[in-house]
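Q: My file is work_25.txt. It has compact mmCIF, C-alpha atoms:
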```txt
# COMPACT_ATOMS: atom_id res chain seq x y z
CA MET O 1 20.45 -12.46 -23.50
CA ALA O 2 21.33 -8.81 -22.90
CA GLU O 3 19.26 -7.75 -25.93
CA ASP O 4 16.15 -9.54 -24.65
CA LYS O 5 16.60 -8.00 -21.21
CA ALA O 6 16.92 -4.52 -22.72
CA THR O 7 13.79 -5.03 -24.83
CA LYS O 8 11.80 -6.22 -21.84
CA GLU O 9 12.93 -3.24 -19.77
CA LYS O 10 11.91 -0.86 -22.58
CA LEU O 11 8.47 -2.43 -22.69
CA LEU O 12 8.05 -2.19 -18.92
CA ALA O 13 9.15 1.46 -18.88
CA SER O 14 6.76 2.26 -21.74
CA ALA O 15 3.92 0.37 -20.05
CA LYS O 16 4.46 2.21 -16.76
CA GLN O 17 4.20 5.56 -18.53
CA GLU O 18 1.12 4.47 -20.47
CA PHE O 19 -0.63 3.23 -17.31
CA LEU O 20 0.24 6.47 -15.50
CA GLU O 21 -1.13 8.64 -18.29
CA LYS O 22 -4.24 6.69 -19.31
CA GLY O 23 -4.94 4.16 -16.57
CA TYR O 24 -5.03 0.40 -17.05
CA MET O 25 -8.36 0.24 -18.88
CA LYS O 26 -7.48 2.81 -21.55
CA ALA O 27 -3.83 1.84 -21.93
CA SER O 28 -2.99 0.65 -25.44
CA LEU O 29 -0.61 -2.23 -26.14
CA ARG O 30 0.01 -0.74 -29.58
CA THR O 31 1.09 2.55 -28.01
CA ILE O 32 3.25 0.74 -25.46
CA CYS O 33 5.05 -1.10 -28.25
CA LYS O 34 5.40 2.01 -30.38
CA ASN O 35 6.92 4.05 -27.56
CA ALA O 36 9.25 1.17 -26.69
CA GLY O 37 10.33 0.91 -30.31
CA VAL O 38 9.37 -2.75 -30.67
CA THR O 39 6.75 -4.77 -32.53
CA THR O 40 3.60 -6.17 -30.97
CA GLY O 41 5.03 -9.63 -31.61
CA ALA O 42 8.01 -8.76 -29.44
CA LEU O 43 5.68 -7.84 -26.59
CA TYR O 44 3.94 -11.22 -26.74
CA PHE O 45 7.33 -12.93 -26.58
CA PHE O 46 7.70 -11.56 -23.04
CA PHE O 47 4.14 -11.03 -21.79
CA GLU O 48 0.82 -12.80 -22.23
CA ASP O 49 -1.31 -9.67 -22.28
CA LYS O 50 -1.79 -6.22 -20.77
CA GLU O 51 -2.52 -7.57 -17.32
CA ASP O 52 0.66 -9.62 -17.39
CA LEU O 53 2.56 -6.39 -18.10
CA LEU O 54 0.94 -4.74 -15.09
CA ARG O 55 1.64 -7.77 -12.92
CA GLU O 56 5.32 -7.66 -13.84
CA LEU O 57 5.47 -4.01 -12.85
CA VAL O 58 3.70 -4.22 -9.50
CA GLU O 59 4.31 -7.63 -7.94
CA GLU O 60 7.77 -7.02 -6.48
CA PRO O 61 6.92 -3.61 -4.98
CA LEU O 62 3.69 -5.07 -3.59
CA LYS O 63 5.55 -7.99 -2.02
CA GLU O 64 8.08 -5.64 -0.46
CA LEU O 65 5.33 -3.47 1.02
CA MET O 66 3.41 -6.49 2.28
CA ASP O 67 6.55 -7.83 3.98
CA VAL O 68 7.02 -4.50 5.78
CA ILE O 69 3.40 -4.43 6.93
CA GLN O 70 3.33 -8.09 7.97
CA HIS O 71 6.50 -7.63 10.00
CA HIS O 72 4.91 -4.76 11.92
CA LEU O 73 1.65 -6.64 12.48
CA SER O 74 3.53 -9.73 13.67
CA GLU O 75 5.52 -7.66 16.15
CA GLU O 76 2.32 -6.18 17.56
CA MET O 77 0.77 -9.61 18.01
CA GLU O 78 3.86 -11.17 19.57
CA GLU O 79 4.35 -8.33 22.03
CA GLY O 80 0.66 -7.89 22.78
CA VAL O 81 0.75 -4.22 21.84
CA THR O 82 -2.79 -2.92 22.16
CA VAL O 83 -2.50 0.62 23.48
CA VAL O 84 0.57 2.71 22.74
CA ASN O 85 1.83 5.76 24.58
CA LEU O 86 3.54 7.90 21.96
CA SER O 87 5.40 9.93 24.56
CA THR O 88 7.60 6.94 25.37
CA ASP O 89 7.12 4.53 22.45
CA THR O 90 7.66 5.42 18.79
CA ARG O 91 7.24 1.97 17.23
CA ASP O 92 4.08 2.89 15.34
CA ILE O 93 5.68 6.04 13.97
CA GLU O 94 8.78 4.19 12.81
CA ALA O 95 6.68 1.45 11.21
CA ALA O 96 4.57 4.06 9.40
CA LYS O 97 7.71 5.77 8.12
CA GLU O 98 9.03 2.45 6.84
CA ILE O 99 5.77 1.95 4.93
CA VAL O 100 5.98 5.46 3.48
CA CYS O 101 9.60 4.90 2.40
CA CYS O 102 8.62 1.68 0.64
CA MET O 103 5.67 3.30 -1.14
CA TYR O 104 7.71 6.29 -2.27
CA ARG O 105 10.62 4.12 -3.39
CA TYR O 106 8.18 2.83 -6.03
CA TYR O 107 6.12 6.00 -6.21
CA ASP O 108 4.85 5.62 -9.79
CA ILE O 109 3.99 1.96 -9.27
CA PHE O 110 1.88 2.58 -6.18
CA LEU O 111 0.26 5.59 -7.83
CA ILE O 112 -0.83 3.27 -10.63
CA LEU O 113 -2.13 0.72 -8.14
CA VAL O 114 -4.09 3.24 -6.09
CA THR O 115 -5.46 5.47 -8.86
CA LYS O 116 -5.04 3.76 -12.25
CA SER O 117 -5.67 0.04 -11.83
CA GLN O 118 -9.44 -0.07 -12.47
CA GLY O 119 -10.30 -3.03 -14.68
CA SER O 120 -7.35 -5.12 -13.54
CA ARG O 121 -6.97 -7.75 -10.82
CA TYR O 122 -5.52 -5.00 -8.61
CA GLU O 123 -8.46 -2.59 -8.73
CA ASP O 124 -9.46 -3.49 -5.16
CA ILE O 125 -5.93 -3.36 -3.75
CA VAL O 126 -6.75 -0.61 -1.23
CA SER O 127 -9.66 -2.63 0.15
CA ARG O 128 -7.44 -5.71 0.38
CA PHE O 129 -4.98 -3.87 2.58
CA ALA O 130 -7.84 -2.52 4.68
CA ASP O 131 -9.22 -6.05 5.12
CA LEU O 132 -5.81 -7.22 6.31
CA GLY O 133 -5.73 -4.45 8.88
CA GLU O 134 -9.30 -5.11 9.96
CA GLU O 135 -8.61 -8.75 10.79
CA HIS O 136 -5.53 -7.75 12.77
CA TYR O 137 -7.15 -4.90 14.69
CA GLU O 138 -10.20 -6.95 15.55
CA THR O 139 -7.92 -9.24 17.54
CA LEU O 140 -6.03 -6.37 19.16
CA ALA O 141 -9.25 -4.51 19.97
CA ALA O 142 -10.59 -7.55 21.81
CA MET O 143 -7.36 -7.75 23.83
CA ALA O 144 -7.46 -4.01 24.59
CA ALA O 145 -11.12 -4.12 25.66
CA GLU O 146 -10.41 -6.94 28.09
CA LYS O 147 -7.30 -5.22 29.44
CA CYS O 148 -9.10 -1.91 29.98
CA GLY O 149 -12.32 -3.46 31.26
CA VAL O 150 -14.56 -1.93 28.59
CA GLU O 151 -16.98 -3.29 26.02
CA LYS O 152 -15.63 -4.63 22.75
CA LEU O 153 -15.67 -2.27 19.82
CA ASP O 154 -18.45 -2.68 17.29
CA ARG O 155 -17.22 -4.52 14.19
CA TYR O 156 -18.20 -1.56 12.03
CA ILE O 157 -15.94 0.76 14.04
CA ILE O 158 -12.99 -1.57 13.50
CA HIS O 159 -13.83 -1.73 9.80
CA TRP O 160 -14.01 2.07 9.63
CA MET O 161 -10.75 2.52 11.56
CA SER O 162 -8.95 0.10 9.25
CA HIS O 163 -10.06 1.99 6.16
CA LEU O 164 -9.20 5.31 7.82
CA GLN O 165 -5.68 4.07 8.44
CA ILE O 166 -5.16 2.81 4.87
CA ASN O 167 -6.66 6.00 3.45
CA ALA O 168 -4.15 8.02 5.47
CA PHE O 169 -1.35 6.44 3.43
CA THR O 170 -3.10 6.51 0.05
CA HIS O 171 -4.18 10.12 0.47
CA LEU O 172 -0.60 11.05 1.33
CA LEU O 173 0.65 9.25 -1.77
CA THR O 174 -1.78 11.00 -4.09
CA HIS O 175 -1.44 14.49 -2.61
CA GLU O 176 2.18 14.84 -1.46
CA PRO O 177 4.84 13.79 -4.00
CA ASP O 178 7.81 14.77 -1.84
CA VAL O 179 8.95 11.86 0.34
CA GLU O 180 10.62 14.03 2.99
CA LYS O 181 7.44 16.05 3.47
CA ALA O 182 5.42 12.83 3.52
CA LEU O 183 7.65 11.45 6.28
CA ASP O 184 7.08 14.57 8.37
CA LEU O 185 3.33 14.41 7.82
CA ILE O 186 2.95 10.71 8.61
CA GLU O 187 4.35 11.30 12.09
CA GLU O 188 1.52 13.71 12.89
CA ILE O 189 -1.00 11.43 11.21
CA VAL O 190 0.07 8.49 13.38
CA VAL O 191 -0.24 10.61 16.54
CA PHE O 192 -3.83 11.37 15.49
CA LEU O 193 -4.63 7.73 14.67
CA VAL O 194 -3.16 6.29 17.86
CA SER O 195 -4.82 9.00 19.96
CA GLY O 196 -8.14 7.83 18.54
CA TRP O 197 -7.29 4.20 19.27
CA ASN O 198 -6.38 5.08 22.87
CA GLY O 199 -9.51 7.16 23.25
CA MET O 200 -11.74 4.23 22.28
CA PHE O 201 -10.52 2.38 25.35
CA GLY O 202 -10.70 5.26 27.80
CA ARG O 203 -6.95 5.90 27.69
CA LYS O 204 -5.23 9.27 27.31
CA ILE O 205 -1.81 9.91 25.82
```
Mind turning the file's structure into structure tokens?
A:
Amino acid sequence: MAEDKATKEKLLASAKQEFLEKGYMKASLRTICKNAGVTTGALYFFFEDKEDLLRELVEEPLKELMDVIQHHLSEEMEEGVTVVNLSTDTRDIEAAKEIVCCMYRYYDIFLILVTKSQGSRYEDIVSRFADLGEEHYETLAAMAAEKCGVEKLDRYIIHWMSHLQINAFTHLLTHEPDVEKALDLIEEIVVFLVSGWNGMFGRKI
């Protein structure tokens, strides 16, 4: 029914604002209902609890972002991309911009996930993305080391590089609210990150 849909949307909008202002742990269901203009009973008609509200808000944006990232990682694996020359190949830059566009399309949602989700099932979301990158780059690093005839990177270095990469995006999200400026900045950030990757294998851009 249209009325049920409108009520649910009001609750989600109120919940998003409450999470942004107070964080997941301190967010109040009573306040969410009050600001949405509905009873607590109405909330439980649509959602099991506070975490179910958060899940409804974040799952679709998270899936969209994961699809973008997985597509890029799959392309790298299929093409055997291990060392990129940015003077002739802009695939990493374009992929990074696609990630930024996705994050900023749901700016408030990802801000909640990165800075306000403590106490929920999503509180380690940044580490989860870093772990995904670490597994991927461990494989690519082994391929690059063999190709360049150098020793494999220490596992810690790959772990550190994966977190550095994820932190580049999360820091941008939390410090630069303008998407156009963020898109300009990510291009320079990627040049820095790929230069470091190339340098680890004795390559120069």
Q: Counting all atoms listed in the file, give me one row per residue of segment 93-197 of chain O with an atom at most 12 Å from an atom of segment 66-71 of chain O, showing the shortest contact pair and its distance in Å to one decimal, sorted by chain then residue number, as a tab-separated table.
A:
```
residue	atom	partner	partner_atom	distance
O:Glu94	CA	O:Val68	CA	11.3
O:Ala95	CA	O:Ile69	CA	8.0
O:Ala96	CA	O:Ile69	CA	8.9
O:Lys97	CA	O:Val68	CA	10.6
O:Glu98	CA	O:Val68	CA	7.3
O:Ile99	CA	O:Val68	CA	6.6
O:Val100	CA	O:Val68	CA	10.3
O:Cys101	CA	O:Val68	CA	10.3
O:Cys102	CA	O:Val68	CA	8.2
O:Met103	CA	O:Val68	CA	10.5
O:Ile125	CA	O:Met66	CA	11.5
O:Arg128	CA	O:Met66	CA	11.0
O:Phe129	CA	O:Met66	CA	8.8
O:Ala130	CA	O:Ile69	CA	11.6
O:Leu132	CA	O:Gln70	CA	9.3
O:Gly133	CA	O:Ile69	CA	9.3
O:His136	CA	O:Gln70	CA	10.1
O:Ile166	CA	O:Ile69	CA	11.4
```
Q: Could you list, as a ChimeraX atom specification, every residue within 12 Å of Tyr106 of chain O, counting only C-alpha atoms and ignoring same-chain residues fewer than 4 positions away?
A: /O:16,57-65,99-102,110-113,173,177,179
Q: Identify, on the basis of only C-alpha atoms, every residue whose closest approach to Glu187 of chain O does not exceed 8 Å; exclude the query and any residue fewer than 2 positions from it along the same chain; express the result as a PyMOL selection string.
A: chain O and resi 93+96-97+183-185+189-191
Q: At a cut-off of 10 Å, using all atoms listed in the file, what residues contact Gly119 of chain O? Leave out same-chain residues fewer than 5 positions from it and give the result as a PyMOL selection string.
A: chain O and resi 23-26+51+124
Q: Tell me which protein, DNA and RNA residues are within 8 Å of segment 42-49 of chain O, counting all atoms listed in the file, leaving out same-chain ones fewer than 4 positions away, and put them as a ChimeraX atom specification.
A: /O:8,11,33,38,53
Q: With distances taken over all atoms listed in the file, which of O:Gln165, O:Gly37, O:Thr7, O:Tyr137 is nearest to Ser74 of chain O?
A: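 Nearest to Ser74 of chain O: O:Tyr137.
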Q: Taking 4 positions as the minimum chain separation for residues in the same chain, which residues sit within 10 Å of Ala27 of chain O when counting all atoms listed in the file? Answer as a PDB file with C-alpha atoms, in the coordinates of the input.
A:
```
ATOM      1  CA  ALA O  15       3.920   0.370 -20.050  1.00  0.00           C
ATOM      2  CA  LYS O  16       4.460   2.210 -16.760  1.00  0.00           C
ATOM      3  CA  GLN O  17       4.200   5.560 -18.530  1.00  0.00           C
ATOM      4  CA  GLU O  18       1.120   4.470 -20.470  1.00  0.00           C
ATOM      5  CA  PHE O  19      -0.630   3.230 -17.310  1.00  0.00           C
ATOM      6  CA  LEU O  20       0.240   6.470 -15.500  1.00  0.00           C
ATOM      7  CA  GLU O  21      -1.130   8.640 -18.290  1.00  0.00           C
ATOM      8  CA  LYS O  22      -4.240   6.690 -19.310  1.00  0.00           C
ATOM      9  CA  GLY O  23      -4.940   4.160 -16.570  1.00  0.00           C
ATOM     10  CA  THR O  31       1.090   2.550 -28.010  1.00  0.00           C
ATOM     11  CA  ILE O  32       3.250   0.740 -25.460  1.00  0.00           C
ATOM     12  CA  LYS O  50      -1.790  -6.220 -20.770  1.00  0.00           C
ATOM     13  CA  LYS O 116      -5.040   3.760 -12.250  1.00  0.00           C
TER      14      LYS O 116
END
```
Q: Can you report as AutoDock Vina command-line options the centre and edge lengths in Å, to one decimal, of an axis-aligned box around the listed atoms of segment 13-28 of chain O padded with 5 Å on each side?
A:
```
--center_x 0.4 --center_y 4.4 --center_z -20.5 --size_x 27.5 --size_y 18.4 --size_z 19.9
```
Q: Figure out the distance between atom CA of Val114 of chain O and atom CA of Ala141 of chain O, please, to one decimal in Å.
A: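 So the two atoms, atom CA of Ala141 of chain O and atom CA of Val114 of chain O, lie 27.7 Å apart.
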Q: In Å, with one decimal, what is the gap from atom CA of Ser127 of chain O to atom CA of Thr139 of chain O?
A: 18.7 Å
Q: Determine the nearest neighbour of Asp131 of chain O from the options O:Phe192, O:Trp160, O:Trp197, O:Tyr107, counting all atoms listed in the file.
A: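 Smallest distance to Asp131 of chain O is found for O:Trp160.
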Q: In Å to one decimal, how far is atom CA of His175 of chain O from atom CA of Glu56 of chain O?
A: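 Pair atom CA of Glu56 of chain O / atom CA of His175 of chain O returns 25.7 Å.
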Q: Given the choices O:Gly199, O:Leu54, O:Leu73, O:Ile158, which gets closest to Gln118 of chain O if the distance is worked out from only C-alpha atoms?
A: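 Once distances to Gln118 of chain O are computed over only C-alpha atoms, the minimum belongs to O:Leu54.
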Q: For Leu153 of chain O, which residue out of O:Glu138, O:Val126, O:Ala13, O:Ile186 is the nearest one, using all atoms listed in the file?
A: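 Of O:Glu138, O:Val126, O:Ala13, O:Ile186, the one nearest Leu153 of chain O is O:Glu138, counting all atoms listed in the file.
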Q: Please supply segment 88-124 of chain O, rebuilt with N, CA and C atoms, as a compact mmCIF listing (two decimals), keeping the file's coordinate frame.
A:
```txt
# COMPACT_ATOMS: atom_id res chain seq x y z
N THR O 88 6.47 7.78 24.99
CA THR O 88 7.60 6.94 25.37
C THR O 88 7.88 5.85 24.35
N ASP O 89 6.98 5.63 23.40
CA ASP O 89 7.12 4.53 22.45
C ASP O 89 6.83 5.03 21.05
N THR O 90 7.81 4.90 20.15
CA THR O 90 7.66 5.42 18.79
C THR O 90 7.58 4.31 17.76
N ARG O 91 7.25 3.09 18.17
CA ARG O 91 7.24 1.97 17.23
C ARG O 91 6.25 2.17 16.08
N ASP O 92 5.08 2.68 16.40
CA ASP O 92 4.08 2.89 15.34
C ASP O 92 4.55 3.95 14.35
N ILE O 93 5.18 4.99 14.85
CA ILE O 93 5.68 6.04 13.97
C ILE O 93 6.77 5.50 13.06
N GLU O 94 7.70 4.74 13.62
CA GLU O 94 8.78 4.19 12.81
C GLU O 94 8.25 3.19 11.78
N ALA O 95 7.27 2.40 12.16
CA ALA O 95 6.68 1.45 11.21
C ALA O 95 5.98 2.20 10.07
N ALA O 96 5.27 3.27 10.42
CA ALA O 96 4.57 4.06 9.40
C ALA O 96 5.57 4.70 8.44
N LYS O 97 6.68 5.17 8.97
CA LYS O 97 7.71 5.77 8.12
C LYS O 97 8.34 4.73 7.19
N GLU O 98 8.49 3.52 7.68
CA GLU O 98 9.03 2.45 6.84
C GLU O 98 8.07 2.15 5.68
N ILE O 99 6.78 2.16 5.98
CA ILE O 99 5.77 1.95 4.93
C ILE O 99 5.82 3.08 3.91
N VAL O 100 5.91 4.31 4.38
CA VAL O 100 5.98 5.46 3.48
C VAL O 100 7.22 5.36 2.59
N CYS O 101 8.36 5.02 3.18
CA CYS O 101 9.60 4.90 2.40
C CYS O 101 9.46 3.85 1.31
N CYS O 102 8.82 2.73 1.63
CA CYS O 102 8.62 1.68 0.64
C CYS O 102 7.70 2.17 -0.49
N MET O 103 6.62 2.82 -0.14
CA MET O 103 5.67 3.30 -1.14
C MET O 103 6.31 4.33 -2.06
N TYR O 104 7.10 5.22 -1.48
CA TYR O 104 7.71 6.29 -2.27
C TYR O 104 8.94 5.81 -3.05
N ARG O 105 9.52 4.71 -2.62
CA ARG O 105 10.62 4.12 -3.39
C ARG O 105 10.12 3.65 -4.76
N TYR O 106 8.84 3.25 -4.79
CA TYR O 106 8.18 2.83 -6.03
C TYR O 106 6.98 3.73 -6.27
N TYR O 107 7.22 5.02 -6.21
CA TYR O 107 6.12 6.00 -6.21
C TYR O 107 5.17 5.81 -7.39
N ASP O 108 5.72 5.75 -8.60
CA ASP O 108 4.85 5.62 -9.79
C ASP O 108 4.05 4.33 -9.77
N ILE O 109 4.67 3.26 -9.31
CA ILE O 109 3.99 1.96 -9.27
C ILE O 109 2.79 2.01 -8.33
N PHE O 110 2.99 2.54 -7.13
CA PHE O 110 1.88 2.58 -6.18
C PHE O 110 0.83 3.62 -6.58
N LEU O 111 1.24 4.65 -7.30
CA LEU O 111 0.26 5.59 -7.83
C LEU O 111 -0.63 4.90 -8.85
N ILE O 112 -0.04 4.05 -9.68
CA ILE O 112 -0.83 3.27 -10.63
C ILE O 112 -1.79 2.34 -9.89
N LEU O 113 -1.29 1.66 -8.88
CA LEU O 113 -2.13 0.72 -8.14
C LEU O 113 -3.31 1.41 -7.46
N VAL O 114 -3.05 2.56 -6.87
CA VAL O 114 -4.09 3.24 -6.09
C VAL O 114 -5.07 4.00 -6.97
N THR O 115 -4.59 4.57 -8.09
CA THR O 115 -5.46 5.47 -8.86
C THR O 115 -5.72 5.04 -10.30
N LYS O 116 -4.97 4.07 -10.82
CA LYS O 116 -5.04 3.76 -12.25
C LYS O 116 -5.27 2.29 -12.58
N SER O 117 -5.60 1.48 -11.59
CA SER O 117 -5.67 0.04 -11.83
C SER O 117 -7.08 -0.50 -12.06
N GLN O 118 -8.07 0.38 -12.22
CA GLN O 118 -9.44 -0.07 -12.47
C GLN O 118 -9.48 -0.96 -13.71
N GLY O 119 -10.19 -2.09 -13.58
CA GLY O 119 -10.30 -3.03 -14.68
C GLY O 119 -9.29 -4.15 -14.63
N SER O 120 -8.36 -4.07 -13.70
CA SER O 120 -7.35 -5.12 -13.54
C SER O 120 -7.62 -5.91 -12.26
N ARG O 121 -6.83 -6.93 -12.04
CA ARG O 121 -6.97 -7.75 -10.82
C ARG O 121 -6.58 -6.96 -9.56
N TYR O 122 -6.00 -5.79 -9.74
CA TYR O 122 -5.52 -5.00 -8.61
C TYR O 122 -6.45 -3.84 -8.26
N GLU O 123 -7.60 -3.76 -8.91
CA GLU O 123 -8.46 -2.59 -8.73
C GLU O 123 -8.98 -2.45 -7.29
N ASP O 124 -8.99 -3.54 -6.54
CA ASP O 124 -9.46 -3.49 -5.16
C ASP O 124 -8.31 -3.56 -4.16
```
